[in-house]
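Below: the structure, in structure tokens.
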Amino acid sequence: MASSPKPTSLITFFFISIISILVSHSNAGKISIYWGQNGGEGTLADTCATGNYNFVNIAFLPTFGNGQTPMINLAGHCDPYTNGCTNLSSDIKSCQAKGIKVMLSIGGGAGSYYLASSQDARQVATYLWNNFLGGKSSSRPLGDAILDGIDFDIEGGTNLYWDDLARYLSNYGKVNGKKVYLSAAPQCPFPDYYIGNALQTGIFDYVWVQFYNNAPCQYSSGMESFENAWNDWNSIPAGKIFLGLPASAQAAGTGFVPASDLISQVLPVIKGSDKYGGVMLWDRYHDNGYSSSINKDV
């Protein structure tokens, strides 16, 4: 007759099971999406209602710095020149009520932005805090909703003073008790020319690296070069690193990874990284089922 398990064995088994569940949950990845550059992609509220995304980056604030009047550009969604984007406030709040972090993405591939000095960076940080974050302003472009943070999609201008801007924004959150999350979307060649230095500050929470439109380091150019780039990015002092991909073959010039390849070839390699955070997709307009097909595997 088999002997009954000792109580200590049962307790040990119970704790091992609990730890395994917690570790598995903690390694679960998340999906970040860009929204705002195509009027045909649906509303922000509808985007968040899909249940596919954990982060939404509102794109873009492409004009700021060097004394310019900051101006958002949300394509066909609304007209900022007539304060037409303030009605997005209720959508933002509905997203946040679902636990989704909503970020304002500054920069972009086409814009007029650069920082002329550390003082200029301070002024831009003050503007962002008062008009999109926890501060006060009579002319908040997106209404009274308080965004969760700022996303640095810096693809032009110069590589100067972005570290200052990040520090000023982070300090606003510390002083006022409302954390300002910071994210960035560098290109995958390492280190990124524009914000590589800023990412060494150690204050960025999320870095969604663009592994597309960059043949030397994207997966479609070969697994070895992709893995090397991924490992390089995991060496930076940031919170979580995300794999940035086009949401369809039409969303970028190169770098699209079919969902089946992502699930079977790519994710098994990168999910073991301590800093693995998930997948970023460009963009909501092109996401016609891609996020749904990868969600449970990310």
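Identifiers in this document derive from the order of the structure tokens: chains are assigned A, B, ..., residues are numbered from 1 separately in each chain, and ligands are numbered from 1 in order of occurrence.
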
Q: Write out as an MDAnalysis selection string which residues come within 6 Å of Asp151 (chain A) when counting only C-alpha atoms, dropping same-chain ones fewer than 3 positions away.
A: chainID A and resid 104:105 182:184

Just to be explicit: take each residue in the selection above, keep C-alpha atoms, and write the result as an mmCIF file, in the first residue's frame.
data_model
loop_
_atom_site.group_PDB
_atom_site.id
_atom_site.type_symbol
_atom_site.label_atom_id
_atom_site.label_comp_id
_atom_site.auth_asym_id
_atom_site.auth_seq_id
_atom_site.Cartn_x
_atom_site.Cartn_y
_atom_site.Cartn_z
ATOM 1 C CA LEU A 104 1.239 61.162 -26.001
ATOM 2 C CA SER A 105 3.817 60.374 -28.669
ATOM 3 C CA LEU A 182 8.250 57.522 -20.205
ATOM 4 C CA SER A 183 8.525 55.388 -23.323
ATOM 5 C CA ALA A 184 10.579 55.575 -26.493
#

**Q.** Non-local contacts of Ser90 (chain A) (9 Å; only C-alpha atoms; under 6 positions in same chain excluded) as a PyMOL selection string
**A.** chain A and resi 45+143-145

Q: Name the residues of region 88-131 of chain A that come out as helix (DSSP H, G or I) in a backbone DSSP run; write them as a PyMOL selection string.
A: chain A and resi 88-97+118-131

Q. From the list A:Leu160, A:Val180, A:Ile263, A:Met71, which residue is nearest Ala125 (chain A) when using only C-alpha atoms?
A. A:Val180

Q.
Using only C-alpha atoms, which protein or nucleic acid residues come within 12 Å of region 169-177 of chain A? Drop anything in the same chain fewer than 5 positions from it, and give the result as number ranges by chain.
A. A: 121-130, 132-135, 147-152, 162-164, 182-183, 201-205

Okay, now the selection with N, CA, C and O atoms, as a tab-separated table (two decimals), in the first residue's frame?
chain	number	residue	atom	x	y	z
A	121	ALA	N	14.43	72.43	-23.35
A	121	ALA	CA	13.87	71.16	-22.90
A	121	ALA	C	12.98	71.36	-21.68
A	121	ALA	O	11.91	70.75	-21.56
A	122	ARG	N	13.41	72.24	-20.78
A	122	ARG	CA	12.62	72.53	-19.58
A	122	ARG	C	11.27	73.15	-19.96
A	122	ARG	O	10.22	72.81	-19.41
A	123	GLN	N	11.31	74.07	-20.93
A	123	GLN	CA	10.08	74.73	-21.35
A	123	GLN	C	9.12	73.75	-22.03
A	123	GLN	O	7.90	73.81	-21.81
A	124	VAL	N	9.66	72.85	-22.83
A	124	VAL	CA	8.82	71.84	-23.47
A	124	VAL	C	8.21	70.91	-22.42
A	124	VAL	O	7.03	70.55	-22.49
A	125	ALA	N	9.01	70.53	-21.43
A	125	ALA	CA	8.50	69.67	-20.35
A	125	ALA	C	7.37	70.36	-19.60
A	125	ALA	O	6.34	69.73	-19.28
A	126	THR	N	7.54	71.65	-19.35
A	126	THR	CA	6.49	72.41	-18.65
A	126	THR	C	5.22	72.45	-19.49
A	126	THR	O	4.11	72.27	-18.96
A	127	TYR	N	5.37	72.66	-20.79
A	127	TYR	CA	4.22	72.67	-21.68
A	127	TYR	C	3.50	71.31	-21.65
A	127	TYR	O	2.27	71.24	-21.53
A	128	LEU	N	4.25	70.23	-21.76
A	128	LEU	CA	3.66	68.89	-21.77
A	128	LEU	C	2.95	68.59	-20.45
A	128	LEU	O	1.85	68.04	-20.43
A	129	TRP	N	3.59	68.98	-19.36
A	129	TRP	CA	2.99	68.74	-18.05
A	129	TRP	C	1.66	69.49	-17.90
A	129	TRP	O	0.65	68.92	-17.48
A	130	ASN	N	1.66	70.75	-18.28
A	130	ASN	CA	0.47	71.58	-18.08
A	130	ASN	C	-0.65	71.27	-19.07
A	130	ASN	O	-1.83	71.47	-18.75
A	132	PHE	N	-0.99	68.23	-21.09
A	132	PHE	CA	-1.37	66.84	-21.34
A	132	PHE	C	-1.29	65.96	-20.10
A	132	PHE	O	-1.92	64.91	-20.07
A	133	LEU	N	-0.53	66.38	-19.12
A	133	LEU	CA	-0.30	65.54	-17.94
A	133	LEU	C	-1.04	66.13	-16.74
A	133	LEU	O	-2.18	66.55	-16.87
A	134	GLY	N	-0.40	66.16	-15.60
A	134	GLY	CA	-1.11	66.52	-14.37
A	134	GLY	C	-1.18	67.99	-14.04
A	134	GLY	O	-1.70	68.36	-12.97
A	135	GLY	N	-0.69	68.85	-14.92
A	135	GLY	CA	-0.70	70.28	-14.65
A	135	GLY	C	-2.00	70.95	-15.07
A	135	GLY	O	-2.98	70.29	-15.42
A	147	LEU	N	-3.13	62.32	-19.28
A	147	LEU	CA	-2.45	61.17	-19.91
A	147	LEU	C	-1.48	60.54	-18.92
A	147	LEU	O	-1.05	61.15	-17.94
A	148	ASP	N	-1.10	59.30	-19.23
A	148	ASP	CA	-0.21	58.57	-18.31
A	148	ASP	C	1.26	58.89	-18.52
A	148	ASP	O	2.06	58.68	-17.60
A	149	GLY	N	1.62	59.40	-19.70
A	149	GLY	CA	3.03	59.68	-19.92
A	149	GLY	C	3.32	60.17	-21.32
A	149	GLY	O	2.40	60.46	-22.10
A	150	ILE	N	4.59	60.23	-21.63
A	150	ILE	CA	5.07	60.75	-22.91
A	150	ILE	C	5.93	59.70	-23.60
A	150	ILE	O	6.81	59.09	-22.98
A	151	ASP	N	5.66	59.51	-24.87
A	151	ASP	CA	6.42	58.58	-25.71
A	151	ASP	C	7.34	59.37	-26.63
A	151	ASP	O	6.89	60.29	-27.31
A	152	PHE	N	8.62	59.04	-26.63
A	152	PHE	CA	9.62	59.73	-27.45
A	152	PHE	C	9.81	58.95	-28.76
A	152	PHE	O	10.53	57.95	-28.80
A	162	TRP	N	17.52	65.47	-25.27
A	162	TRP	CA	16.39	64.58	-25.00
A	162	TRP	C	16.51	63.98	-23.61
A	162	TRP	O	15.48	63.71	-22.95
A	163	ASP	N	17.72	63.78	-23.13
A	163	ASP	CA	17.90	63.31	-21.76
A	163	ASP	C	17.41	64.34	-20.76
A	163	ASP	O	16.79	64.01	-19.74
A	164	ASP	N	17.64	65.63	-21.05
A	164	ASP	CA	17.14	66.69	-20.18
A	164	ASP	C	15.61	66.69	-20.15
A	164	ASP	O	15.00	66.81	-19.08
A	182	LEU	N	7.47	57.13	-19.04
A	182	LEU	CA	8.25	57.52	-20.21
A	182	LEU	C	8.50	56.29	-21.08
A	182	LEU	O	8.90	55.24	-20.59
A	183	SER	N	8.23	56.45	-22.37
A	183	SER	CA	8.52	55.39	-23.32
A	183	SER	C	9.26	55.98	-24.51
A	183	SER	O	9.33	57.20	-24.68
A	201	THR	N	19.75	57.16	-19.29
A	201	THR	CA	19.43	57.82	-18.01
A	201	THR	C	18.85	56.84	-17.00
A	201	THR	O	18.87	57.11	-15.80
A	202	GLY	N	18.29	55.73	-17.49
A	202	GLY	CA	17.70	54.75	-16.58
A	202	GLY	C	16.30	55.09	-16.12
A	202	GLY	O	15.77	54.43	-15.22
A	203	ILE	N	15.66	56.11	-16.73
A	203	ILE	CA	14.34	56.52	-16.26
A	203	ILE	C	13.22	56.18	-17.25
A	203	ILE	O	12.06	56.52	-17.00
A	204	PHE	N	13.55	55.51	-18.35
A	204	PHE	CA	12.50	55.12	-19.29
A	204	PHE	C	11.87	53.80	-18.84
A	204	PHE	O	12.57	52.83	-18.55
A	205	ASP	N	10.55	53.79	-18.80
A	205	ASP	CA	9.83	52.61	-18.34
A	205	ASP	C	9.66	51.57	-19.44
A	205	ASP	O	9.72	50.37	-19.18

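Among A:Asp274, A:Asp79, A:Asp153, A:Asp297, the residue with the shortest atom-to-atom distance to Tyr34 (chain A), counting only C-alpha atoms, is A:Asp153.
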
Please list as a PDB file with C-alpha atoms, in the first residue's frame every residue within 9 Å of region 225-238 of chain A, counting only C-alpha atoms and excluding residues in the same chain fewer than 2 positions away.
ATOM      1  CA  CYS A 188      16.788  48.868 -34.009  1.00  0.00           C
ATOM      2  CA  PRO A 189      20.372  49.698 -35.127  1.00  0.00           C
ATOM      3  CA  PHE A 190      22.123  50.004 -31.771  1.00  0.00           C
ATOM      4  CA  PRO A 191      22.597  52.499 -30.243  1.00  0.00           C
ATOM      5  CA  LEU A 199      17.932  55.962 -22.870  1.00  0.00           C
ATOM      6  CA  GLN A 200      21.043  55.650 -20.711  1.00  0.00           C
ATOM      7  CA  THR A 201      19.425  57.819 -18.014  1.00  0.00           C
ATOM      8  CA  GLY A 202      17.702  54.754 -16.578  1.00  0.00           C
ATOM      9  CA  ILE A 203      14.337  56.523 -16.262  1.00  0.00           C
ATOM     10  CA  PHE A 204      12.502  55.123 -19.286  1.00  0.00           C
ATOM     11  CA  ASP A 205       9.829  52.611 -18.343  1.00  0.00           C
ATOM     12  CA  TYR A 206       9.160  51.132 -21.788  1.00  0.00           C
ATOM     13  CA  VAL A 207      11.256  51.002 -24.949  1.00  0.00           C
ATOM     14  CA  VAL A 209      12.260  49.226 -30.550  1.00  0.00           C
ATOM     15  CA  PHE A 211      12.507  46.268 -35.747  1.00  0.00           C
ATOM     16  CA  PRO A 216      20.479  45.136 -40.684  1.00  0.00           C
ATOM     17  CA  CYS A 217      18.586  44.141 -37.545  1.00  0.00           C
ATOM     18  CA  GLN A 218      15.037  43.110 -38.403  1.00  0.00           C
ATOM     19  CA  TYR A 219      13.965  39.466 -38.194  1.00  0.00           C
ATOM     20  CA  SER A 220      13.237  39.161 -41.920  1.00  0.00           C
ATOM     21  CA  SER A 221      16.929  39.769 -42.647  1.00  0.00           C
ATOM     22  CA  GLY A 222      18.081  36.813 -40.577  1.00  0.00           C
ATOM     23  CA  MET A 223      17.748  35.439 -37.071  1.00  0.00           C
ATOM     24  CA  LYS A 240      10.820  46.767 -20.326  1.00  0.00           C
ATOM     25  CA  ILE A 241      11.898  46.232 -23.944  1.00  0.00           C
ATOM     26  CA  LEU A 243       9.568  44.160 -30.065  1.00  0.00           C
ATOM     27  CA  VAL A 269      13.702  33.349 -28.397  1.00  0.00           C
ATOM     28  CA  ILE A 270      12.994  36.755 -26.875  1.00  0.00           C
ATOM     29  CA  SER A 273      14.865  37.997 -21.679  1.00  0.00           C
ATOM     30  CA  ASP A 274      14.578  39.537 -18.225  1.00  0.00           C
ATOM     31  CA  LYS A 275      13.409  42.817 -19.727  1.00  0.00           C
ATOM     32  CA  TYR A 276      10.979  41.361 -22.250  1.00  0.00           C
TER      33      TYR A 276
END

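Using only C-alpha atoms, the smallest distance between any of A:Arg284, A:Trp208, A:Ser260, A:Tyr168 and Thr43 (chain A) comes from A:Arg284.
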